[in-house]
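The file input.txt comes next; it holds compact mmCIF, C-alpha atoms and all ligand atoms.
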# COMPACT_ATOMS: atom_id res chain seq x y z
CA MET A 101 77.59 7.36 8.65
CA ALA A 102 73.90 7.29 7.84
CA HIS A 103 72.14 10.31 6.34
CA GLN A 104 68.84 11.82 7.52
CA VAL A 105 66.90 13.29 4.59
CA GLN A 106 63.29 13.99 3.60
CA GLY A 107 61.52 11.34 1.49
CA VAL A 108 58.03 10.83 0.00
CA VAL A 109 56.51 7.80 1.72
CA ALA A 110 53.27 5.92 1.06
CA ALA A 111 52.45 4.57 4.52
CA SER A 112 49.28 2.58 3.81
CA ARG A 113 46.92 1.63 0.99
CA GLY A 114 45.23 4.66 -0.58
CA ALA A 115 46.47 7.14 2.04
CA PRO A 116 47.93 10.42 0.75
CA VAL A 117 51.73 10.34 0.59
CA GLN A 118 53.75 12.05 3.33
CA LEU A 119 57.04 13.90 3.30
CA THR A 120 58.92 12.40 6.20
CA THR A 121 62.46 11.96 7.56
CA ILE A 122 64.18 8.81 6.37
CA THR A 123 67.59 7.29 7.04
CA VAL A 124 69.84 6.41 4.11
CA PRO A 125 72.94 4.32 4.91
CA ASP A 126 76.35 4.91 3.39
CA PRO A 127 77.02 2.55 0.49
CA GLY A 128 78.29 -0.95 1.24
CA PRO A 129 79.94 -3.34 -1.22
CA GLY A 130 78.51 -2.97 -4.72
CA GLU A 131 76.30 -0.01 -3.72
CA ALA A 132 76.18 3.64 -4.75
CA LEU A 133 74.70 6.66 -2.98
CA VAL A 134 73.09 9.06 -5.47
CA ARG A 135 72.32 12.74 -4.85
CA VAL A 136 69.02 12.98 -6.71
CA GLN A 137 68.61 16.08 -8.88
CA ALA A 138 65.24 15.30 -10.49
CA CYS A 139 62.61 12.56 -10.32
CA GLY A 140 59.47 12.27 -12.48
CA VAL A 141 56.05 11.30 -11.13
CA CYS A 142 55.00 8.08 -12.91
CA HIS A 143 51.64 6.32 -12.90
CA THR A 144 53.35 3.34 -11.28
CA ASP A 145 54.05 5.43 -8.13
CA LEU A 146 50.32 5.93 -7.85
CA HIS A 147 49.75 2.18 -8.40
CA TYR A 148 52.09 1.56 -5.41
CA ARG A 149 50.23 4.06 -3.22
CA GLU A 150 46.95 2.35 -4.10
CA GLY A 151 48.33 -1.06 -3.11
CA ALA A 152 47.93 -2.28 -6.69
CA ILE A 153 51.53 -3.56 -6.97
CA ASN A 154 51.92 -5.34 -3.63
CA ASP A 155 51.28 -4.83 0.08
CA ASP A 156 54.85 -4.15 1.21
CA PHE A 157 54.06 -0.77 2.81
CA PRO A 158 55.68 1.61 3.68
CA PHE A 159 56.96 2.48 0.20
CA LEU A 160 59.57 5.09 -0.60
CA LEU A 161 58.18 6.37 -3.92
CA GLY A 162 59.92 7.80 -6.99
CA HIS A 163 61.80 5.87 -9.65
CA GLU A 164 62.35 8.12 -12.72
CA ALA A 165 65.46 9.87 -11.57
CA ALA A 166 68.77 11.40 -12.52
CA GLY A 167 71.45 12.69 -10.21
CA VAL A 168 75.11 12.69 -9.27
CA ILE A 169 77.04 9.93 -7.54
CA GLU A 170 77.77 11.09 -3.98
CA SER A 171 79.85 8.10 -2.90
CA VAL A 172 80.37 4.44 -3.73
CA GLY A 173 81.08 1.37 -1.62
CA PRO A 174 83.84 -1.22 -2.10
CA ASP A 175 83.98 -3.23 -5.35
CA VAL A 176 82.34 -0.58 -7.52
CA ASP A 177 84.04 0.22 -10.81
CA ASN A 178 81.26 1.37 -13.17
CA VAL A 179 80.70 4.77 -11.52
CA ALA A 180 82.65 7.22 -9.32
CA PRO A 181 81.73 10.26 -7.19
CA GLY A 182 80.70 13.21 -9.40
CA ASP A 183 79.38 11.08 -12.29
CA PHE A 184 75.99 12.16 -13.71
CA VAL A 185 73.73 9.10 -13.81
CA ILE A 186 70.23 7.95 -14.63
CA ILE A 187 68.92 5.36 -12.17
CA ALA A 188 67.59 2.17 -13.78
CA TRP A 189 65.19 -0.33 -12.29
CA ARG A 190 66.94 -3.06 -14.28
CA ALA A 191 70.56 -3.96 -13.54
CA PRO A 192 71.16 -7.35 -15.20
CA CYS A 193 73.03 -9.88 -13.06
CA GLY A 194 74.85 -11.61 -15.92
CA ASN A 195 74.31 -15.05 -14.39
CA CYS A 196 70.61 -15.91 -14.29
CA ARG A 197 68.99 -18.25 -16.81
CA SER A 198 67.91 -15.33 -19.01
CA CYS A 199 71.23 -13.47 -18.91
CA VAL A 200 73.09 -16.66 -19.87
CA ARG A 201 70.68 -17.08 -22.80
CA GLY A 202 71.88 -13.69 -24.01
CA ARG A 203 68.68 -11.87 -23.05
CA PRO A 204 69.71 -9.61 -20.17
CA TRP A 205 66.64 -7.38 -20.62
CA TYR A 206 64.62 -10.29 -19.16
CA CYS A 207 67.08 -10.69 -16.23
CA PHE A 208 65.38 -12.56 -13.38
CA ALA A 209 67.88 -11.50 -10.70
CA SER A 210 68.23 -7.78 -11.37
CA ARG A 211 70.36 -6.13 -8.67
CA ASN A 212 69.26 -3.68 -5.96
CA ALA A 213 70.94 -2.21 -2.87
CA ALA A 214 71.48 -4.82 -0.15
CA GLN A 215 70.99 -2.41 2.79
CA PRO A 216 67.53 -0.99 3.47
CA MET A 217 66.65 2.67 3.72
CA THR A 218 64.49 3.12 6.83
CA LEU A 219 62.01 5.36 8.59
CA ALA A 220 63.34 7.29 11.60
CA ASP A 221 62.13 4.44 13.91
CA GLY A 222 64.18 1.90 11.94
CA ALA A 223 61.27 0.36 9.97
CA PRO A 224 62.60 -0.68 6.54
CA LEU A 225 61.18 1.06 3.49
CA SER A 226 60.26 -0.72 0.25
CA PRO A 227 61.75 1.46 -2.48
CA ALA A 228 59.49 1.74 -5.57
CA LEU A 229 60.90 -0.51 -8.31
CA GLY A 230 64.02 -1.02 -6.19
CA ILE A 231 64.87 2.70 -6.43
CA GLY A 232 62.98 5.15 -4.15
CA ALA A 233 64.10 8.55 -5.48
CA PHE A 234 61.67 11.15 -4.13
CA THR A 235 64.44 12.00 -1.67
CA GLU A 236 67.68 13.99 -1.82
CA LEU A 237 69.84 10.90 -1.36
CA THR A 238 69.05 7.35 -2.39
CA LEU A 239 70.94 4.09 -2.11
CA VAL A 240 71.01 1.73 -5.11
CA ALA A 241 73.08 -1.13 -6.47
CA ALA A 242 75.92 0.50 -8.41
CA GLY A 243 74.76 -1.39 -11.52
CA GLN A 244 71.49 0.59 -11.38
CA ALA A 245 73.41 3.87 -11.84
CA VAL A 246 74.01 4.40 -15.55
CA LYS A 247 76.49 7.12 -16.48
CA VAL A 248 75.27 9.48 -19.22
CA PRO A 249 76.60 12.77 -20.69
CA SER A 250 76.36 15.45 -18.00
CA ASP A 251 75.12 18.25 -20.27
CA ALA A 252 71.59 16.78 -20.33
CA SER A 253 69.04 18.47 -18.06
CA ALA A 254 68.37 16.28 -15.02
CA ALA A 255 64.58 16.72 -15.32
CA ALA A 256 64.59 15.41 -18.89
CA ALA A 257 67.25 12.73 -18.37
CA GLY A 258 65.48 11.19 -15.37
CA LEU A 259 62.44 10.39 -17.49
CA ILE A 260 64.54 7.92 -19.47
CA GLY A 261 64.70 5.95 -16.20
CA CYS A 262 61.13 4.63 -16.57
CA GLY A 263 58.10 5.70 -18.59
CA ILE A 264 59.83 7.30 -21.55
CA MET A 265 62.22 4.38 -21.95
CA ALA A 266 59.24 2.01 -21.68
CA GLY A 267 57.48 3.77 -24.56
CA LEU A 268 60.54 4.27 -26.76
CA GLY A 269 61.56 0.65 -26.23
CA ALA A 270 58.03 -0.70 -26.82
CA ALA A 271 58.27 0.74 -30.33
CA VAL A 272 61.94 0.27 -31.14
CA ASN A 273 62.98 -2.83 -29.17
CA THR A 274 59.80 -4.87 -28.64
CA GLY A 275 57.75 -3.81 -31.67
CA GLY A 276 60.76 -3.62 -33.98
CA VAL A 277 59.31 -0.57 -35.74
CA GLY A 278 61.37 0.22 -38.84
CA ARG A 279 61.59 2.59 -41.79
CA GLY A 280 58.35 2.86 -43.74
CA ASP A 281 56.23 1.03 -41.14
CA SER A 282 52.75 2.03 -40.04
CA VAL A 283 52.18 2.23 -36.29
CA ALA A 284 49.09 2.83 -34.14
CA VAL A 285 49.51 3.86 -30.51
CA PHE A 286 46.58 3.47 -28.10
CA GLY A 287 46.83 5.88 -25.15
CA CYS A 288 48.90 9.06 -25.44
CA GLY A 289 50.24 9.68 -21.95
CA GLY A 290 53.99 9.88 -21.38
CA VAL A 291 54.45 6.23 -22.35
CA GLY A 292 52.33 6.37 -25.52
CA ASP A 293 53.91 9.64 -26.65
CA ALA A 294 57.34 8.12 -26.15
CA ALA A 295 56.25 5.19 -28.35
CA ILE A 296 55.22 7.79 -30.96
CA ALA A 297 58.58 9.59 -30.67
CA GLY A 298 60.39 6.23 -30.92
CA SER A 299 58.39 5.28 -34.02
CA GLN A 300 59.32 8.58 -35.65
CA LEU A 301 63.01 8.08 -34.77
CA ALA A 302 62.86 4.59 -36.30
CA GLY A 303 61.49 6.02 -39.56
CA ALA A 304 57.83 4.97 -39.40
CA HIS A 305 55.81 6.39 -42.28
CA THR A 306 52.37 6.54 -40.68
CA ILE A 307 51.95 7.06 -36.92
CA ILE A 308 48.37 7.04 -35.67
CA ALA A 309 47.69 8.33 -32.15
CA ILE A 310 44.51 7.18 -30.39
CA ASP A 311 43.21 8.66 -27.14
CA ILE A 312 39.91 9.81 -25.63
CA ASP A 313 41.21 13.29 -24.77
CA ASP A 314 41.70 15.90 -27.52
CA ARG A 315 44.40 17.69 -25.54
CA LYS A 316 46.45 14.47 -25.44
CA LEU A 317 45.98 14.07 -29.19
CA GLU A 318 47.32 17.59 -29.81
CA TRP A 319 50.42 16.77 -27.78
CA ALA A 320 50.79 13.46 -29.63
CA ARG A 321 51.10 15.40 -32.90
CA GLU A 322 53.98 17.36 -31.40
CA PHE A 323 55.80 14.07 -30.77
CA GLY A 324 55.38 12.91 -34.37
CA ALA A 325 51.86 11.48 -34.81
CA THR A 326 50.82 11.87 -38.44
CA HIS A 327 47.14 11.19 -37.68
CA THR A 328 44.97 11.31 -34.56
CA VAL A 329 41.78 9.49 -33.61
CA ASN A 330 39.51 10.32 -30.68
CA ALA A 331 38.13 6.90 -29.65
CA ARG A 332 35.21 8.57 -27.83
CA ASN A 333 33.53 9.47 -31.10
CA THR A 334 35.25 7.29 -33.75
CA ASP A 335 35.76 3.52 -33.92
CA PRO A 336 39.58 3.36 -33.67
CA VAL A 337 39.90 -0.03 -35.40
CA GLU A 338 37.99 1.23 -38.45
CA ALA A 339 39.95 4.48 -38.39
CA VAL A 340 43.33 2.71 -38.33
CA ARG A 341 42.26 0.44 -41.20
CA ASN A 342 41.08 3.44 -43.23
CA LEU A 343 44.39 5.21 -42.69
CA THR A 344 46.42 2.14 -43.76
CA GLY A 345 44.85 1.24 -47.08
CA GLY A 346 42.20 -0.94 -45.43
CA ASN A 347 44.81 -3.28 -43.90
CA GLY A 348 45.68 -2.23 -40.36
CA ALA A 349 49.02 -1.08 -38.95
CA ASN A 350 52.25 -3.09 -39.03
CA VAL A 351 52.73 -2.49 -35.31
CA THR A 352 50.10 -1.53 -32.73
CA ILE A 353 51.04 -0.48 -29.21
CA GLU A 354 48.68 -0.53 -26.22
CA ALA A 355 49.82 2.07 -23.66
CA VAL A 356 46.75 2.28 -21.40
CA GLY A 357 46.55 -1.07 -19.59
CA ASN A 358 42.93 -1.81 -20.40
CA PRO A 359 41.24 -4.86 -22.00
CA VAL A 360 39.14 -2.70 -24.35
CA THR A 361 42.13 -0.88 -25.82
CA PHE A 362 44.14 -4.11 -25.97
CA GLU A 363 41.40 -5.73 -28.04
CA GLN A 364 41.29 -2.67 -30.30
CA ALA A 365 45.07 -2.84 -30.74
CA PHE A 366 44.82 -6.57 -31.49
CA TYR A 367 42.30 -6.00 -34.31
CA ALA A 368 43.85 -2.76 -35.64
CA ARG A 369 47.03 -4.51 -36.79
CA ASP A 370 47.64 -5.87 -40.26
CA HIS A 371 48.01 -9.61 -40.92
CA ALA A 372 51.40 -10.79 -39.67
CA GLY A 373 51.71 -7.54 -37.70
CA THR A 374 52.81 -7.15 -34.11
CA VAL A 375 50.72 -6.00 -31.16
CA VAL A 376 52.70 -4.79 -28.13
CA LEU A 377 51.20 -4.47 -24.63
CA VAL A 378 53.13 -1.90 -22.59
CA GLY A 379 50.19 -0.65 -20.46
CA VAL A 380 50.06 -2.49 -17.12
CA PRO A 381 46.76 -4.32 -16.51
CA SER A 382 45.38 -4.82 -13.02
CA PRO A 383 45.23 -8.45 -11.84
CA ASP A 384 41.44 -8.77 -12.31
CA MET A 385 41.41 -7.81 -16.03
CA LYS A 386 40.53 -10.47 -18.60
CA ILE A 387 40.29 -10.63 -22.37
CA GLU A 388 38.44 -13.09 -24.55
CA LEU A 389 39.55 -13.55 -28.16
CA PRO A 390 38.49 -16.13 -30.76
CA MET A 391 41.50 -18.45 -31.01
CA ILE A 392 41.17 -18.51 -34.79
CA GLU A 393 41.91 -14.77 -34.82
CA ILE A 394 45.18 -15.33 -32.94
CA PHE A 395 46.11 -18.10 -35.36
CA GLY A 396 44.69 -16.63 -38.54
CA ARG A 397 46.21 -13.17 -38.16
CA GLY A 398 49.69 -14.54 -37.56
CA GLY A 399 52.37 -12.13 -36.46
CA ALA A 400 53.13 -11.60 -32.80
CA VAL A 401 51.39 -10.69 -29.55
CA LYS A 402 54.09 -9.33 -27.23
CA SER A 403 54.37 -7.62 -23.88
CA SER A 404 57.05 -5.07 -23.19
CA TRP A 405 58.66 -4.73 -19.76
CA TYR A 406 60.63 -1.49 -19.47
CA GLY A 407 60.77 -1.36 -23.27
CA ASP A 408 62.98 -4.48 -23.29
CA CYS A 409 65.78 -2.03 -22.61
CA LEU A 410 69.36 -2.65 -21.67
CA PRO A 411 70.03 0.51 -19.63
CA THR A 412 73.80 0.65 -20.19
CA ARG A 413 73.24 0.39 -23.95
CA ASP A 414 70.05 2.43 -24.36
CA PHE A 415 70.23 5.29 -21.81
CA PRO A 416 73.42 6.92 -23.16
CA MET A 417 72.16 6.47 -26.73
CA PHE A 418 68.84 8.21 -26.07
CA ILE A 419 70.61 11.02 -24.17
CA GLU A 420 72.92 11.50 -27.18
CA LEU A 421 69.87 11.70 -29.46
CA TYR A 422 68.36 14.26 -27.08
CA LEU A 423 71.55 16.36 -27.11
CA GLN A 424 71.60 16.19 -30.92
CA GLY A 425 68.07 17.61 -30.96
CA ARG A 426 66.53 14.43 -32.40
CA LEU A 427 64.52 13.37 -29.33
CA ASP A 428 62.64 16.11 -27.50
CA LEU A 429 62.71 14.89 -23.91
CA ASP A 430 62.02 18.41 -22.57
CA ARG A 431 58.55 18.29 -24.13
CA PHE A 432 57.59 15.46 -21.73
CA VAL A 433 58.26 17.73 -18.74
CA SER A 434 54.89 19.43 -18.23
CA GLU A 435 55.98 21.12 -14.98
CA THR A 436 58.69 21.04 -12.37
CA ILE A 437 57.53 20.78 -8.77
CA SER A 438 59.03 20.53 -5.31
CA ILE A 439 59.21 17.37 -3.23
CA GLY A 440 56.19 18.38 -1.17
CA ASP A 441 53.91 18.44 -4.24
CA VAL A 442 53.82 14.76 -5.24
CA GLU A 443 50.29 14.13 -3.93
CA ASP A 444 49.02 17.11 -5.97
CA ALA A 445 50.87 15.78 -9.01
CA PHE A 446 49.00 12.45 -8.70
CA HIS A 447 45.70 14.34 -8.95
CA LYS A 448 46.89 16.31 -12.00
CA MET A 449 47.90 13.02 -13.61
CA GLU A 450 44.46 11.53 -12.89
CA ARG A 451 42.79 14.59 -14.43
CA GLY A 452 44.99 14.22 -17.54
CA GLU A 453 46.52 17.67 -17.13
CA VAL A 454 50.17 16.63 -17.42
CA LEU A 455 52.45 14.21 -19.23
CA ARG A 456 55.01 14.35 -16.46
CA SER A 457 55.38 16.43 -13.32
CA VAL A 458 59.04 16.31 -12.30
CA VAL A 459 60.33 16.91 -8.78
CA VAL A 460 63.54 18.94 -8.88
CA PHE A 461 65.85 19.33 -5.90
N1 LIG B 501 55.53 -1.91 -19.34
C1 LIG B 501 56.28 -1.08 -18.65
O1 LIG B 501 57.46 -1.35 -18.41
C2 LIG B 501 55.70 0.22 -18.18
C3 LIG B 501 56.53 1.23 -17.65
C4 LIG B 501 55.94 2.45 -17.24
C5 LIG B 501 54.56 2.60 -17.31
N2 LIG B 501 53.79 1.59 -17.82
C6 LIG B 501 52.32 1.67 -17.93
O2 LIG B 501 51.97 2.34 -19.13
C7 LIG B 501 50.64 2.85 -18.99
C8 LIG B 501 50.60 4.29 -19.43
O3 LIG B 501 51.40 5.10 -18.56
P1 LIG B 501 51.37 6.69 -18.66
O4 LIG B 501 52.34 7.21 -17.65
O5 LIG B 501 51.51 7.11 -20.07
O6 LIG B 501 49.87 6.95 -18.14
P2 LIG B 501 48.87 8.17 -18.42
O7 LIG B 501 47.78 8.01 -17.43
O8 LIG B 501 49.65 9.44 -18.47
O9 LIG B 501 48.33 7.91 -19.93
C9 LIG B 501 47.30 7.04 -20.26
C10 LIG B 501 46.57 7.63 -21.50
O10 LIG B 501 45.56 6.70 -21.92
C11 LIG B 501 44.43 7.44 -22.31
N3 LIG B 501 43.26 6.56 -22.27
C12 LIG B 501 42.54 6.15 -21.22
N4 LIG B 501 41.53 5.35 -21.61
C13 LIG B 501 41.60 5.26 -22.96
C14 LIG B 501 40.84 4.59 -23.96
N5 LIG B 501 39.78 3.85 -23.63
N6 LIG B 501 41.21 4.71 -25.26
C15 LIG B 501 42.28 5.48 -25.60
N7 LIG B 501 43.05 6.14 -24.69
C16 LIG B 501 42.71 6.03 -23.40
C17 LIG B 501 44.38 8.59 -21.31
O11 LIG B 501 43.59 9.67 -21.79
C18 LIG B 501 45.86 8.95 -21.20
O12 LIG B 501 46.23 9.94 -22.15
C19 LIG B 501 50.27 2.64 -17.51
O13 LIG B 501 49.49 1.45 -17.42
C20 LIG B 501 51.62 2.45 -16.84
O14 LIG B 501 51.53 1.72 -15.63
C21 LIG B 501 54.34 0.42 -18.25
ZN ZN B 502 70.25 -11.98 -14.97
ZN ZN B 503 57.51 4.37 -13.88
Translate the structure described by the file into structure tokens.
Ligand SMILES: NC(=O)c1ccc[n+]([C@@H]2O[C@H](COP(=O)([O-])OP(=O)(O)OC[C@H]3O[C@@H](n4cnc5c(N)ncnc54)[C@H](O)[C@@H]3O)[C@@H](O)[C@H]2O)c1
Ligand SMILES: [Zn+2]
Ligand SMILES: [Zn+2]
Amino acid sequence: MAHQVQGVVAASRGAPVQLTTITVPDPGPGEALVRVQACGVCHTDLHYREGAINDDFPFLLGHEAAGVIESVGPDVDNVAPGDFVIIAWRAPCGNCRSCVRGRPWYCFASRNAAQPMTLADGAPLSPALGIGAFTELTLVAAGQAVKVPSDASAAAAGLIGCGIMAGLGAAVNTGGVGRGDSVAVFGCGGVGDAAIAGSQLAGAHTIIAIDIDDRKLEWAREFGATHTVNARNTDPVEAVRNLTGGNGANVTIEAVGNPVTFEQAFYARDHAGTVVLVGVPSPDMKIELPMIEIFGRGGAVKSSWYGDCLPTRDFPMFIELYLQGRLDLDRFVSETISIGDVEDAFHKMERGEVLRSVVVF
């Protein structure tokens, strides 16, 4: 039996999103139906609405979600009805060329539901990041549903499903931040602040937050930044060098998605340091760097997709840290909203008023 529920749909490039009736099929083999309890509004949803990801409209938006398994199809053994889960946009296949090299976080055949969710007229929806969770019920591959302790708040837990995991993982997994390291984070939205929180968890000694908005810098301090720099009135590369004995940081993290901040992050790192790009550039962006600087500085220039996370390993661990009071996920939840308020939430995000607006059901 298919289910008729309300979902947030981006129908065409740049058009405001609409709350509309969608049809969600019952789970088939290897699929799970999730009753969504909370779903964060991420910048990537806005990128979809603007047509900046691809042109496969109509999109069913929402991809930072937690909820409870409603039902599962045949051949599902990782989750059962009633389980509290975070939905992941990476569900490694185990068989592709990256999985067999032992690097499932680069899986090239990540699993999604086989059946489409549709509009009332039968037109198939493209679910954002293979999820589509601004709706009461969503259909995913069972491997995308990661069971976590059920005493976590759904609004906080869902954020681990995208932006917060991306930031935490950029620091801990991709950047390899460790005890005593110095770190500089460029851009202090949800992703950058999560990179700051991850650096603090990993034992970094100096954590420098860089943004162009003083309010964001105040929040960054609450997540563990030891120093802040407003790049509107201070040269951030000079500032990072001054705060690190004239050397630069061991790890720099770009969490804006902008060539100017990437170049700053490149030059703000110490010799043999690591620069991590987690911000998503648009296809037209270019950078020009003297090749001798890439060679002469050594170290590593890395990009971080979803924080190089392995959801089944990392999601339960970060939820445990949250429940132990060592990772303040609640602080990322600026406001809870209803499903009809997603368009408004995009505008608040653009004005820099929130870290995360979270739809709760
Ligand atoms: N790699 C991944 O897997 C992944 C996952 C999720 C999101 N992202 C990307 O991460 C980026 C950040 O996401 P977010 O949700 O935190 O966005 P956001 O809009 O909340 O935060 C961006 C921050 O950058 C700051 N900023 C803008 N221009 C700046 C500049 N010139 N110098 C310093 N700071 C500047 C803004 O003031 C803001 O605080 C986006 O590009 C998003 O698409 C990547
Ligand atoms: Zn794979
Ligand atoms: Zn996201």
Check the smallest atom-to-atom distance from each of A:Leu429, A:Val134, A:Cys193, A:Met217 to Asp293 (chain A) using all atoms listed in the file, then report the winner. A:Leu429
Which is closer to ligand ZN 503 (chain B) than all the others in A:Ala320, A:Ala257, A:Ala271, A:Cys142, using all atoms listed in the file? A:Cys142
Produce as a PDB file with C-alpha atoms, in the frame of the given file the set of residues near ligand ZN 502 (chain B), where near means within 8 Å with only C-alpha atoms and all ligand atoms considered.
ATOM      1  CA  PRO A 192      71.160  -7.350 -15.200  1.00  0.00           C
ATOM      2  CA  CYS A 193      73.030  -9.880 -13.060  1.00  0.00           C
ATOM      3  CA  GLY A 194      74.850 -11.610 -15.920  1.00  0.00           C
ATOM      4  CA  ASN A 195      74.310 -15.050 -14.390  1.00  0.00           C
ATOM      5  CA  CYS A 196      70.610 -15.910 -14.290  1.00  0.00           C
ATOM      6  CA  ARG A 197      68.990 -18.250 -16.810  1.00  0.00           C
ATOM      7  CA  SER A 198      67.910 -15.330 -19.010  1.00  0.00           C
ATOM      8  CA  CYS A 199      71.230 -13.470 -18.910  1.00  0.00           C
ATOM      9  CA  VAL A 200      73.090 -16.660 -19.870  1.00  0.00           C
ATOM     10  CA  PRO A 204      69.710  -9.610 -20.170  1.00  0.00           C
ATOM     11  CA  TYR A 206      64.620 -10.290 -19.160  1.00  0.00           C
ATOM     12  CA  CYS A 207      67.080 -10.690 -16.230  1.00  0.00           C
ATOM     13  CA  PHE A 208      65.380 -12.560 -13.380  1.00  0.00           C
ATOM     14  CA  ALA A 209      67.880 -11.500 -10.700  1.00  0.00           C
ATOM     15  CA  SER A 210      68.230  -7.780 -11.370  1.00  0.00           C
TER      16      SER A 210
END
Between A:Ala110, A:Leu119, A:Phe418, A:Pro129, which residue has the minimum interatomic distance to Asp175 (chain A), considering only C-alpha atoms?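 Between A:Ala110, A:Leu119, A:Phe418, A:Pro129, the residue approaching Asp175 (chain A) most closely is A:Pro129.
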Between A:Ser226, A:Val179, A:Val185, A:Gly263, single out the one closest to ligand ZN 503 (chain B), counting only C-alpha atoms and all ligand atoms.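 Nearest candidate to ligand ZN 503 (chain B) out of A:Ser226, A:Val179, A:Val185, A:Gly263: A:Gly263.
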Quote the spacing between CA of Val176 (chain A) and CA of Trp189 (chain A) in Å to one decimal place.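 The value is 17.8 Å.
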Tell me, in Å to one decimal, how far CA of Ala180 (chain A) is from CA of Val246 (chain A).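 According to the coordinates, CA of Ala180 (chain A) and CA of Val246 (chain A) are separated by 11.0 Å.
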Shell of 7 Å around ligand LIG 501 (chain B) (all atoms listed in the file), written as a ChimeraX atom specification: /A:142-144,262-263,266,286-292,310-313,316,331,355-357,360-361,378-381,404-407,449-450,452,455
Only C-alpha atoms, please: the residues just picked out, written as a compact mmCIF listing (two decimals), in the frame of the given file.
# COMPACT_ATOMS: atom_id res chain seq x y z
CA CYS A 142 55.00 8.08 -12.91
CA HIS A 143 51.64 6.32 -12.90
CA THR A 144 53.35 3.34 -11.28
CA CYS A 262 61.13 4.63 -16.57
CA GLY A 263 58.10 5.70 -18.59
CA ALA A 266 59.24 2.01 -21.68
CA PHE A 286 46.58 3.47 -28.10
CA GLY A 287 46.83 5.88 -25.15
CA CYS A 288 48.90 9.06 -25.44
CA GLY A 289 50.24 9.68 -21.95
CA GLY A 290 53.99 9.88 -21.38
CA VAL A 291 54.45 6.23 -22.35
CA GLY A 292 52.33 6.37 -25.52
CA ILE A 310 44.51 7.18 -30.39
CA ASP A 311 43.21 8.66 -27.14
CA ILE A 312 39.91 9.81 -25.63
CA ASP A 313 41.21 13.29 -24.77
CA LYS A 316 46.45 14.47 -25.44
CA ALA A 331 38.13 6.90 -29.65
CA ALA A 355 49.82 2.07 -23.66
CA VAL A 356 46.75 2.28 -21.40
CA GLY A 357 46.55 -1.07 -19.59
CA VAL A 360 39.14 -2.70 -24.35
CA THR A 361 42.13 -0.88 -25.82
CA VAL A 378 53.13 -1.90 -22.59
CA GLY A 379 50.19 -0.65 -20.46
CA VAL A 380 50.06 -2.49 -17.12
CA PRO A 381 46.76 -4.32 -16.51
CA SER A 404 57.05 -5.07 -23.19
CA TRP A 405 58.66 -4.73 -19.76
CA TYR A 406 60.63 -1.49 -19.47
CA GLY A 407 60.77 -1.36 -23.27
CA MET A 449 47.90 13.02 -13.61
CA GLU A 450 44.46 11.53 -12.89
CA GLY A 452 44.99 14.22 -17.54
CA LEU A 455 52.45 14.21 -19.23
Need to verify the contact set: Val136 (chain A), 6 Å, only C-alpha atoms, exclusion of same-chain residues closer than 2 positions in sequence. Can you return it as a ChimeraX atom specification? /A:134,138,167,236-237
Give the answer as one residue: which of A:Asp428, A:Glu363, A:Glu435, A:Glu164 has the shortest atom-to-atom distance to Cys139 (chain A), using all atoms listed in the file? A:Glu164
Which residue out of A:Gly267, A:Pro416, A:Gly222, A:Pro411 has the minimum interatomic distance to ligand ZN 503 (chain B) when all atoms listed in the file are used? A:Gly267
For Ser282 (chain A), work out the shell of residues within 9 Å, counting all atoms listed in the file and skipping chain neighbours fewer than 2 positions away, then give it as a tab-separated table (two decimals) with C-alpha atoms, keeping the file's coordinate frame.
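Just written: part-v9.tsv:
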chain	number	residue	atom	x	y	z
A	277	VAL	CA	59.31	-0.57	-35.74
A	278	GLY	CA	61.37	0.22	-38.84
A	280	GLY	CA	58.35	2.86	-43.74
A	284	ALA	CA	49.09	2.83	-34.14
A	299	SER	CA	58.39	5.28	-34.02
A	304	ALA	CA	57.83	4.97	-39.40
A	305	HIS	CA	55.81	6.39	-42.28
A	306	THR	CA	52.37	6.54	-40.68
A	307	ILE	CA	51.95	7.06	-36.92
A	308	ILE	CA	48.37	7.04	-35.67
A	344	THR	CA	46.42	2.14	-43.76
A	348	GLY	CA	45.68	-2.23	-40.36
A	349	ALA	CA	49.02	-1.08	-38.95
A	350	ASN	CA	52.25	-3.09	-39.03
A	351	VAL	CA	52.73	-2.49	-35.31
A	352	THR	CA	50.10	-1.53	-32.73
CA of Ile122 (chain A) to CA of Leu239 (chain A), straight-line distance in Å: 11.8 Å
Who sits within 12 Å of Ala166 (chain A), all atoms listed in the file, same chain under 3 positions skipped, as a ChimeraX atom specification: /A:134-140,162-163,169,183-188,231-238,244-250,252-262,415,419,458-461
Would you list the contacts of Pro174 (chain A) as a short mmCIF file (atom, residue, chain, number, x, y, z; two decimals) with C-alpha atoms, in the coordinates of the input, taking every protein, DNA or RNA residue within 10 Å and counting all atoms listed in the file, but skipping same-chain residues closer than 2 positions in sequence?
data_model
loop_
_atom_site.label_atom_id
_atom_site.label_comp_id
_atom_site.auth_asym_id
_atom_site.auth_seq_id
_atom_site.Cartn_x
_atom_site.Cartn_y
_atom_site.Cartn_z
CA PRO A 127 77.02 2.55 0.49
CA GLY A 128 78.29 -0.95 1.24
CA PRO A 129 79.94 -3.34 -1.22
CA GLY A 130 78.51 -2.97 -4.72
CA GLU A 131 76.30 -0.01 -3.72
CA ALA A 132 76.18 3.64 -4.75
CA VAL A 172 80.37 4.44 -3.73
CA VAL A 176 82.34 -0.58 -7.52
CA ASP A 177 84.04 0.22 -10.81
#
Nearby residues (all atoms listed in the file) at most 7 Å from region 400-403 of chain A, same-chain spacing under 6 positions excluded, as a list in words: Gly373, Thr374, Val375, Val376, Leu377 and Val378 of chain A
Residues within 10 Å of (55.2, 3.0, 1.2), counting only C-alpha atoms, listed as a list in words: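 Answer for this query, in the requested form: Val108, Val109, Ala110, Ala111, Ser112, Arg113, Ala115, Val117, Gln118, Asp145, Tyr148, Arg149, Glu150, Gly151, Asp155, Asp156, Phe157, Pro158, Phe159, Leu160, Leu161, Pro224, Leu225, Ser226, Pro227, Ala228 and Gly232 of chain A.
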